[in-house]
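Okay, model.tsv now, which holds TSV, C-alpha atoms:
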chain	number	residue	atom	x	y	z
A	1	MET	CA	-6.92	-6.05	24.69
A	2	GLN	CA	-3.34	-6.08	23.47
A	3	LEU	CA	-4.44	-5.75	19.84
A	4	LEU	CA	-6.87	-2.93	20.66
A	5	GLN	CA	-4.00	-1.01	22.25
A	6	LYS	CA	-2.28	-1.01	18.86
A	7	VAL	CA	-5.15	0.75	17.10
A	8	THR	CA	-4.01	4.08	15.60
A	9	THR	CA	-5.75	7.06	14.03
A	10	GLY	CA	-4.85	9.74	11.51
A	11	ARG	CA	-3.18	9.64	8.09
A	12	GLN	CA	0.00	7.70	7.44
A	13	ASN	CA	2.33	9.99	5.51
A	14	ARG	CA	4.28	7.36	3.62
A	15	PRO	CA	6.11	7.71	0.29
A	16	ARG	CA	3.79	7.44	-2.70
A	17	ARG	CA	3.43	4.53	-5.13
A	18	VAL	CA	2.68	5.92	-8.59
A	19	LEU	CA	1.93	4.32	-11.95
A	20	LEU	CA	2.10	6.74	-14.88
A	21	TYR	CA	1.13	5.47	-18.31
A	22	GLY	CA	0.72	7.22	-21.64
A	23	THR	CA	1.55	7.24	-25.31
A	24	HIS	CA	5.10	6.90	-26.60
A	25	GLY	CA	7.25	10.03	-26.29
A	26	ILE	CA	4.84	12.11	-24.23
A	27	GLY	CA	7.31	12.62	-21.36
A	28	LYS	CA	6.84	9.75	-18.92
A	29	SER	CA	10.58	9.33	-18.29
A	30	THR	CA	11.01	13.07	-17.84
A	31	PHE	CA	8.24	12.99	-15.23
A	32	GLY	CA	10.09	10.25	-13.34
A	33	SER	CA	13.42	12.09	-13.54
A	34	GLN	CA	11.85	15.14	-11.88
A	35	ALA	CA	11.12	13.20	-8.68
A	36	ASP	CA	13.34	13.74	-5.65
A	37	ARG	CA	16.78	12.11	-6.11
A	38	ALA	CA	15.51	9.56	-8.60
A	39	VAL	CA	17.37	6.48	-9.84
A	40	PHE	CA	16.08	4.48	-12.80
A	41	ILE	CA	15.85	0.73	-13.18
A	42	GLN	CA	15.62	0.63	-16.96
A	43	THR	CA	14.11	-2.30	-18.82
A	44	GLU	CA	14.07	-0.45	-22.15
A	45	ASP	CA	16.71	1.75	-23.74
A	46	GLY	CA	14.97	5.14	-23.76
A	47	LEU	CA	16.90	7.40	-21.39
A	48	GLY	CA	19.64	8.57	-23.72
A	49	GLU	CA	18.50	12.22	-23.80
A	50	ILE	CA	17.67	12.48	-20.08
A	51	ASP	CA	20.27	13.44	-17.47
A	52	CYS	CA	19.50	10.99	-14.68
A	53	ALA	CA	20.98	8.28	-12.47
A	54	ARG	CA	20.35	4.81	-13.85
A	55	PHE	CA	21.28	1.19	-13.39
A	56	PRO	CA	22.62	-0.70	-16.43
A	57	LEU	CA	19.90	-1.84	-18.83
A	58	ALA	CA	18.23	-4.91	-17.32
A	59	SER	CA	18.20	-7.94	-19.58
A	60	SER	CA	16.40	-10.27	-17.15
A	61	TYR	CA	13.95	-10.26	-14.28
A	62	ARG	CA	16.85	-11.20	-12.00
A	63	ASP	CA	18.67	-7.99	-13.02
A	64	VAL	CA	15.68	-5.93	-11.89
A	65	MET	CA	15.43	-7.73	-8.55
A	66	THR	CA	19.19	-7.38	-8.00
A	67	ALA	CA	18.90	-3.61	-8.47
A	68	ILE	CA	16.08	-3.49	-5.91
A	69	GLU	CA	18.14	-5.57	-3.48
A	70	GLU	CA	21.10	-3.21	-3.92
A	71	LEU	CA	18.93	-0.20	-3.14
A	72	TYR	CA	17.61	-1.97	-0.04
A	73	SER	CA	20.88	-3.18	1.42
A	74	SER	CA	23.46	-0.57	0.34
A	75	ASP	CA	24.14	2.99	1.50
A	76	HIS	CA	22.92	5.63	-0.97
A	77	ASP	CA	21.20	9.01	-1.14
A	78	PHE	CA	18.45	8.11	-3.62
A	79	ALA	CA	14.90	8.92	-2.53
A	80	THR	CA	12.93	7.65	-5.55
A	81	VAL	CA	13.17	4.52	-7.67
A	82	VAL	CA	11.70	4.62	-11.18
A	83	ILE	CA	11.04	1.47	-13.22
A	84	ASP	CA	11.02	2.38	-16.91
A	85	SER	CA	8.99	0.60	-18.06
A	86	VAL	CA	6.80	-2.05	-16.42
A	87	ASP	CA	5.40	-3.31	-19.73
A	88	TRP	CA	8.95	-4.10	-20.88
A	89	LEU	CA	9.56	-5.58	-17.43
A	90	GLU	CA	6.58	-7.85	-18.06
A	91	ARG	CA	8.45	-9.38	-21.02
A	92	LEU	CA	11.36	-10.18	-18.70
A	93	ILE	CA	8.94	-11.73	-16.23
A	94	TRP	CA	7.42	-13.89	-18.97
A	95	ALA	CA	10.92	-15.00	-19.98
A	96	ASP	CA	11.60	-15.97	-16.37
A	97	VAL	CA	8.38	-18.00	-16.25
A	98	CYS	CA	9.38	-19.73	-19.50
A	99	ARG	CA	12.80	-20.56	-18.05
A	100	GLU	CA	11.22	-22.06	-14.93
A	101	ARG	CA	8.66	-24.05	-16.94
A	102	GLN	CA	11.15	-24.99	-19.67
A	103	VAL	CA	9.04	-23.70	-22.55
A	104	ASP	CA	9.87	-21.35	-25.43
A	105	SER	CA	6.85	-19.05	-25.08
A	106	ILE	CA	4.45	-18.21	-22.30
A	107	GLU	CA	1.68	-19.17	-24.73
A	108	ASP	CA	3.06	-22.73	-24.68
A	109	ILE	CA	1.76	-23.11	-21.13
A	110	GLY	CA	-1.74	-24.48	-21.55
A	111	TYR	CA	-5.01	-22.76	-20.74
A	112	ALA	CA	-3.26	-19.36	-20.45
A	113	LYS	CA	-1.89	-20.44	-17.06
A	114	GLY	CA	1.45	-18.80	-17.85
A	115	TYR	CA	0.01	-15.37	-17.14
A	116	SER	CA	-1.24	-16.60	-13.75
A	117	PHE	CA	2.17	-18.11	-12.98
A	118	ALA	CA	3.73	-14.71	-13.77
A	119	LEU	CA	1.85	-13.18	-10.83
A	120	THR	CA	4.39	-14.87	-8.53
A	121	GLN	CA	7.15	-12.69	-9.98
A	122	TRP	CA	4.94	-9.62	-9.88
A	123	ARG	CA	4.22	-10.18	-6.19
A	124	GLN	CA	7.93	-10.65	-5.49
A	125	LEU	CA	8.66	-7.39	-7.30
A	126	LEU	CA	5.99	-5.42	-5.43
A	127	ALA	CA	7.16	-6.89	-2.10
A	128	GLY	CA	10.68	-5.68	-2.87
A	129	LEU	CA	9.42	-2.23	-3.78
A	130	ASP	CA	7.35	-2.13	-0.60
A	131	ALA	CA	10.50	-2.87	1.40
A	132	LEU	CA	12.20	0.11	-0.24
A	133	ARG	CA	9.19	2.29	0.52
A	134	LEU	CA	8.53	1.24	4.10
A	135	GLU	CA	12.07	0.58	5.34
A	136	ARG	CA	14.18	2.90	3.17
A	137	GLY	CA	11.59	5.67	2.74
A	138	MET	CA	11.72	5.63	-1.05
A	139	THR	CA	9.00	6.83	-3.41
A	140	ILE	CA	8.09	4.32	-6.14
A	141	VAL	CA	7.35	5.43	-9.72
A	142	LEU	CA	6.28	2.88	-12.34
A	143	LEU	CA	6.14	3.96	-15.98
A	144	ALA	CA	4.18	2.19	-18.71
A	145	HIS	CA	3.00	2.66	-22.26
A	146	ALA	CA	-0.70	2.84	-23.08
A	147	ARG	CA	-2.92	0.63	-25.15
A	148	ILE	CA	-6.59	0.80	-26.12
A	149	GLU	CA	-8.90	-1.92	-24.85
A	150	ARG	CA	-12.54	-2.70	-25.50
A	151	PHE	CA	-14.32	-2.12	-22.19
A	152	GLU	CA	-17.58	-3.92	-21.52
A	153	ASN	CA	-19.36	-1.69	-19.05
A	154	PRO	CA	-22.45	-3.47	-17.67
A	155	GLU	CA	-24.24	-0.12	-17.29
A	156	THR	CA	-23.62	1.20	-20.84
A	157	ASP	CA	-22.75	0.12	-24.34
A	158	THR	CA	-19.24	-1.25	-24.89
A	159	TYR	CA	-16.60	1.40	-25.62
A	160	ASP	CA	-12.83	1.84	-26.06
A	161	ARG	CA	-10.57	3.31	-23.40
A	162	TYR	CA	-6.87	3.75	-22.63
A	163	VAL	CA	-5.27	1.39	-20.09
A	164	PRO	CA	-1.67	0.46	-19.15
A	165	ARG	CA	-0.08	-1.91	-21.66
A	166	LEU	CA	0.04	-4.91	-19.33
A	167	HIS	CA	-1.69	-8.25	-19.31
A	168	ARG	CA	-5.04	-7.97	-17.58
A	169	LEU	CA	-4.02	-10.01	-14.50
A	170	ALA	CA	-0.77	-8.11	-13.99
A	171	SER	CA	-2.47	-4.78	-14.58
A	172	GLN	CA	-5.02	-5.49	-11.87
A	173	ILE	CA	-2.47	-6.37	-9.21
A	174	VAL	CA	-0.21	-3.40	-10.05
A	175	GLN	CA	-3.07	-0.89	-10.14
A	176	GLU	CA	-4.45	-2.12	-6.81
A	177	TRP	CA	-1.01	-1.79	-5.23
A	178	CYS	CA	-0.42	1.77	-6.40
A	179	ASP	CA	-1.70	4.83	-4.57
A	180	GLU	CA	-2.05	6.77	-7.81
A	181	VAL	CA	-2.55	5.68	-11.42
A	182	PHE	CA	-2.23	8.59	-13.86
A	183	PHE	CA	-2.86	8.78	-17.60
A	184	ALA	CA	-0.57	11.15	-19.49
A	185	THR	CA	-2.04	12.66	-22.64
A	186	TYR	CA	-2.19	15.75	-24.82
A	187	LYS	CA	-4.96	18.21	-24.10
A	188	VAL	CA	-7.40	18.39	-26.98
A	189	TYR	CA	-10.03	21.05	-27.59
A	190	THR	CA	-13.06	20.68	-29.85
A	191	LYS	CA	-13.67	23.31	-32.51
A	192	THR	CA	-16.97	23.38	-34.39
A	193	SER	CA	-17.13	24.79	-37.92
A	194	GLU	CA	-20.04	25.47	-40.28
A	195	GLU	CA	-20.19	23.09	-43.24
A	196	GLY	CA	-23.13	24.71	-45.00
A	197	PHE	CA	-26.73	23.54	-45.33
A	198	ASN	CA	-27.10	23.87	-41.53
A	199	ARG	CA	-24.44	21.24	-40.94
A	200	LYS	CA	-21.67	21.55	-38.36
A	201	LYS	CA	-18.45	19.59	-38.07
A	202	ALA	CA	-16.50	19.07	-34.84
A	203	LYS	CA	-12.71	18.97	-35.15
A	204	GLY	CA	-10.15	18.16	-32.49
A	205	VAL	CA	-7.48	20.84	-32.03
A	206	GLY	CA	-4.30	20.21	-30.04
A	207	THR	CA	-2.01	22.82	-28.53
A	208	GLY	CA	0.75	20.41	-27.51
A	209	GLU	CA	-0.10	20.87	-23.82
A	210	ARG	CA	0.64	17.69	-21.86
A	211	VAL	CA	-1.53	16.82	-18.88
A	212	LEU	CA	-2.15	14.14	-16.25
A	213	ARG	CA	-5.61	12.66	-15.86
A	214	THR	CA	-6.01	11.65	-12.22
A	215	THR	CA	-9.50	10.11	-12.05
A	216	GLU	CA	-11.20	7.42	-14.11
A	217	ARG	CA	-13.32	8.47	-17.05
A	218	PRO	CA	-14.81	6.52	-19.98
A	219	ALA	CA	-11.78	7.37	-22.14
A	220	HIS	CA	-9.13	6.15	-19.69
A	221	MET	CA	-8.39	4.28	-16.46
A	222	ALA	CA	-6.98	6.36	-13.56
A	223	LYS	CA	-7.26	6.68	-9.79
A	224	ASN	CA	-5.81	8.52	-6.82
A	225	ARG	CA	-5.96	8.28	-3.02
A	226	LEU	CA	-5.29	11.95	-2.35
A	227	GLN	CA	-8.04	14.24	-1.13
A	228	ASN	CA	-8.96	17.19	-3.34
A	229	LEU	CA	-6.58	16.27	-6.17
A	230	PRO	CA	-7.80	17.98	-9.39
A	231	GLU	CA	-8.99	15.74	-12.21
A	232	GLU	CA	-6.31	17.26	-14.44
A	233	LEU	CA	-2.75	18.41	-13.71
A	234	PRO	CA	0.16	19.61	-15.83
A	235	LEU	CA	2.51	16.76	-16.73
A	236	SER	CA	5.19	17.53	-14.15
A	237	TRP	CA	6.28	15.91	-10.92
A	238	LYS	CA	6.03	19.21	-9.02
A	239	ALA	CA	2.40	19.73	-10.02
A	240	TYR	CA	1.62	16.34	-8.49
A	241	SER	CA	3.94	16.41	-5.46
A	242	ASP	CA	2.72	19.83	-4.33
A	243	HIS	CA	-0.57	18.22	-3.37
A	244	PHE	CA	0.91	15.79	-0.85
A	245	THR	CA	3.98	17.72	0.34
A	246	ASN	CA	1.86	20.78	1.14
A	247	ARG	CA	-0.67	18.57	2.92
A	248	ASP	CA	2.03	16.89	5.00
A	249	SER	CA	3.57	20.25	5.88
A	250	SER	CA	0.27	21.77	6.95
A	251	GLU	CA	-0.54	18.73	9.13
A	252	GLY	CA	2.85	19.05	10.77
A	253	GLU	CA	2.22	22.72	11.55
A	254	LEU	CA	-1.17	21.87	13.09
A	255	ALA	CA	0.44	19.17	15.22
A	256	ASN	CA	3.01	21.64	16.54
A	257	ASP	CA	0.41	24.31	17.46

Just give me the structure of the file as structure tokens.
Amino acid sequence: MQLLQKVTTGRQNRPRRVLLYGTHGIGKSTFGSQADRAVFIQTEDGLGEIDCARFPLASSYRDVMTAIEELYSSDHDFATVVIDSVDWLERLIWADVCRERQVDSIEDIGYAKGYSFALTQWRQLLAGLDALRLERGMTIVLLAHARIERFENPETDTYDRYVPRLHRLASQIVQEWCDEVFFATYKVYTKTSEEGFNRKKAKGVGTGERVLRTTERPAHMAKNRLQNLPEELPLSWKAYSDHFTNRDSSEGELAND
């Protein structure tokens, strides 16, 4: 009966865990910088034009974990930690695996086991980020570049789609851990023109508008755990955060009534 007495109901309004991926230069770092009191753990040198708080450029997996440990154990006012980017972090993780296994390349570890060994570091990283989230109340934002993969859907013909630029095993564990996985892209409209002889030609037209895709579609991988989140949002932190801050506020008002 003691365990049954610990059963709870209702939503748990905890800080979000977000993975945002997209093409180079679309505004992923800007999105992260817009989060509440954000501090960057940078694994690539791409923040030069953004006014934000940042740790020194990490040159090893240990540097990244040290930054997380500092945020956990030290006094500070930061409310969000942004890792920019996790695909460059993956290279540091592979280097750490190579150091432990005393090989020059992760490919030198037979039968592709190196990528499985790297999951140990990924789990350590996510455990550290969970400690920041659950014990320090910090939101977690992971940024990644995109790549195109051939997706073998058992219900349809094989097709291409955008996914985070991570090894398949790492991508699975990171995506499962996150509350939201968003794909950042440019909005494209289709314009049809007459070509003569009863032929029509469809042409993609872009306006430069940048958007977030929040649910999975054949062209991209995405997910979210928020109720009633639109399938498409403007590429801004506020457009996203409004959907959970307003929900939390309204639930608080109902609880007080």

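Within a radius of 10 Å around (-7.4, 6.0, -19.1), the polymer residues are Tyr21, Gly22, Ala146, Arg147, Ile148, Glu149, Asp160, Arg161, Tyr162, Val163, Pro164, Val181, Phe182, Phe183, Ala184, Thr185, Arg213, Thr214, Thr215, Glu216, Arg217, Pro218, Ala219, His220, Met221, Ala222 and Lys223 of chain A, counting all atoms listed in the file.
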
For the selection you just gave me, I'd like the residues written to a file as a PDB file, keeping the file's coordinate frame, keeping C-alpha atoms.
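Printed below is out-v2.pdb as written:
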ATOM      1  CA  TYR A  21       1.130   5.470 -18.310  1.00  0.00           C
ATOM      2  CA  GLY A  22       0.720   7.220 -21.640  1.00  0.00           C
ATOM      3  CA  ALA A 146      -0.700   2.840 -23.080  1.00  0.00           C
ATOM      4  CA  ARG A 147      -2.920   0.630 -25.150  1.00  0.00           C
ATOM      5  CA  ILE A 148      -6.590   0.800 -26.120  1.00  0.00           C
ATOM      6  CA  GLU A 149      -8.900  -1.920 -24.850  1.00  0.00           C
ATOM      7  CA  ASP A 160     -12.830   1.840 -26.060  1.00  0.00           C
ATOM      8  CA  ARG A 161     -10.570   3.310 -23.400  1.00  0.00           C
ATOM      9  CA  TYR A 162      -6.870   3.750 -22.630  1.00  0.00           C
ATOM     10  CA  VAL A 163      -5.270   1.390 -20.090  1.00  0.00           C
ATOM     11  CA  PRO A 164      -1.670   0.460 -19.150  1.00  0.00           C
ATOM     12  CA  VAL A 181      -2.550   5.680 -11.420  1.00  0.00           C
ATOM     13  CA  PHE A 182      -2.230   8.590 -13.860  1.00  0.00           C
ATOM     14  CA  PHE A 183      -2.860   8.780 -17.600  1.00  0.00           C
ATOM     15  CA  ALA A 184      -0.570  11.150 -19.490  1.00  0.00           C
ATOM     16  CA  THR A 185      -2.040  12.660 -22.640  1.00  0.00           C
ATOM     17  CA  ARG A 213      -5.610  12.660 -15.860  1.00  0.00           C
ATOM     18  CA  THR A 214      -6.010  11.650 -12.220  1.00  0.00           C
ATOM     19  CA  THR A 215      -9.500  10.110 -12.050  1.00  0.00           C
ATOM     20  CA  GLU A 216     -11.200   7.420 -14.110  1.00  0.00           C
ATOM     21  CA  ARG A 217     -13.320   8.470 -17.050  1.00  0.00           C
ATOM     22  CA  PRO A 218     -14.810   6.520 -19.980  1.00  0.00           C
ATOM     23  CA  ALA A 219     -11.780   7.370 -22.140  1.00  0.00           C
ATOM     24  CA  HIS A 220      -9.130   6.150 -19.690  1.00  0.00           C
ATOM     25  CA  MET A 221      -8.390   4.280 -16.460  1.00  0.00           C
ATOM     26  CA  ALA A 222      -6.980   6.360 -13.560  1.00  0.00           C
ATOM     27  CA  LYS A 223      -7.260   6.680  -9.790  1.00  0.00           C
TER      28      LYS A 223
END

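With atom CA of A:Ala35 on one side and atom CA of A:Thr80 on the other, the separation reads 6.6 Å.
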
I'd like the interatomic distance between atom CA of A:Ser241 and atom CA of A:Arg16, to a tenth of an Å.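 Calculated distance between atom CA of A:Ser241 and atom CA of A:Arg16 is 9.4 Å.
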
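Separating atom CA of A:Phe40 from atom CA of A:Glu232 is a distance of 25.8 Å.
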
Between A:Leu229, A:Ala127, A:Leu212, A:Ile68, which is the closest to A:Val174 once you count all atoms listed in the file?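 Between A:Leu229, A:Ala127, A:Leu212, A:Ile68, the residue approaching A:Val174 most closely is A:Ala127.
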
So which one's closest to A:Glu44, A:Val103, A:Leu132, A:Leu19, A:Ile83? Using all atoms listed in the file, please. A:Ile83

With all atoms listed in the file as the atoms that count, which of A:Val39, A:Val7, A:Leu71, A:Cys98 lies nearest to A:Val141?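 Using all atoms listed in the file, A:Val141 sits closest to A:Val39.
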
Contacts of A:Gln34 at 7 Å (only C-alpha atoms; same-chain gap of 3+ positions) as a PDB file with C-alpha atoms, in the coordinates of the input:
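Result file result10.pdb:
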ATOM      1  CA  THR A  30      11.010  13.070 -17.840  1.00  0.00           C
ATOM      2  CA  PHE A  31       8.240  12.990 -15.230  1.00  0.00           C
ATOM      3  CA  TRP A 237       6.280  15.910 -10.920  1.00  0.00           C
TER       4      TRP A 237
END

Residue nearest A:Leu166 - candidates A:Trp88, A:Tyr240, A:Phe151, A:Phe117, atoms counted: only C-alpha atoms: A:Trp88

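Compared by their closest atoms to A:Val211, and using all atoms listed in the file, the residues A:Leu47, A:Leu20, A:Cys52, A:Ala38 rank with A:Leu20 nearest.
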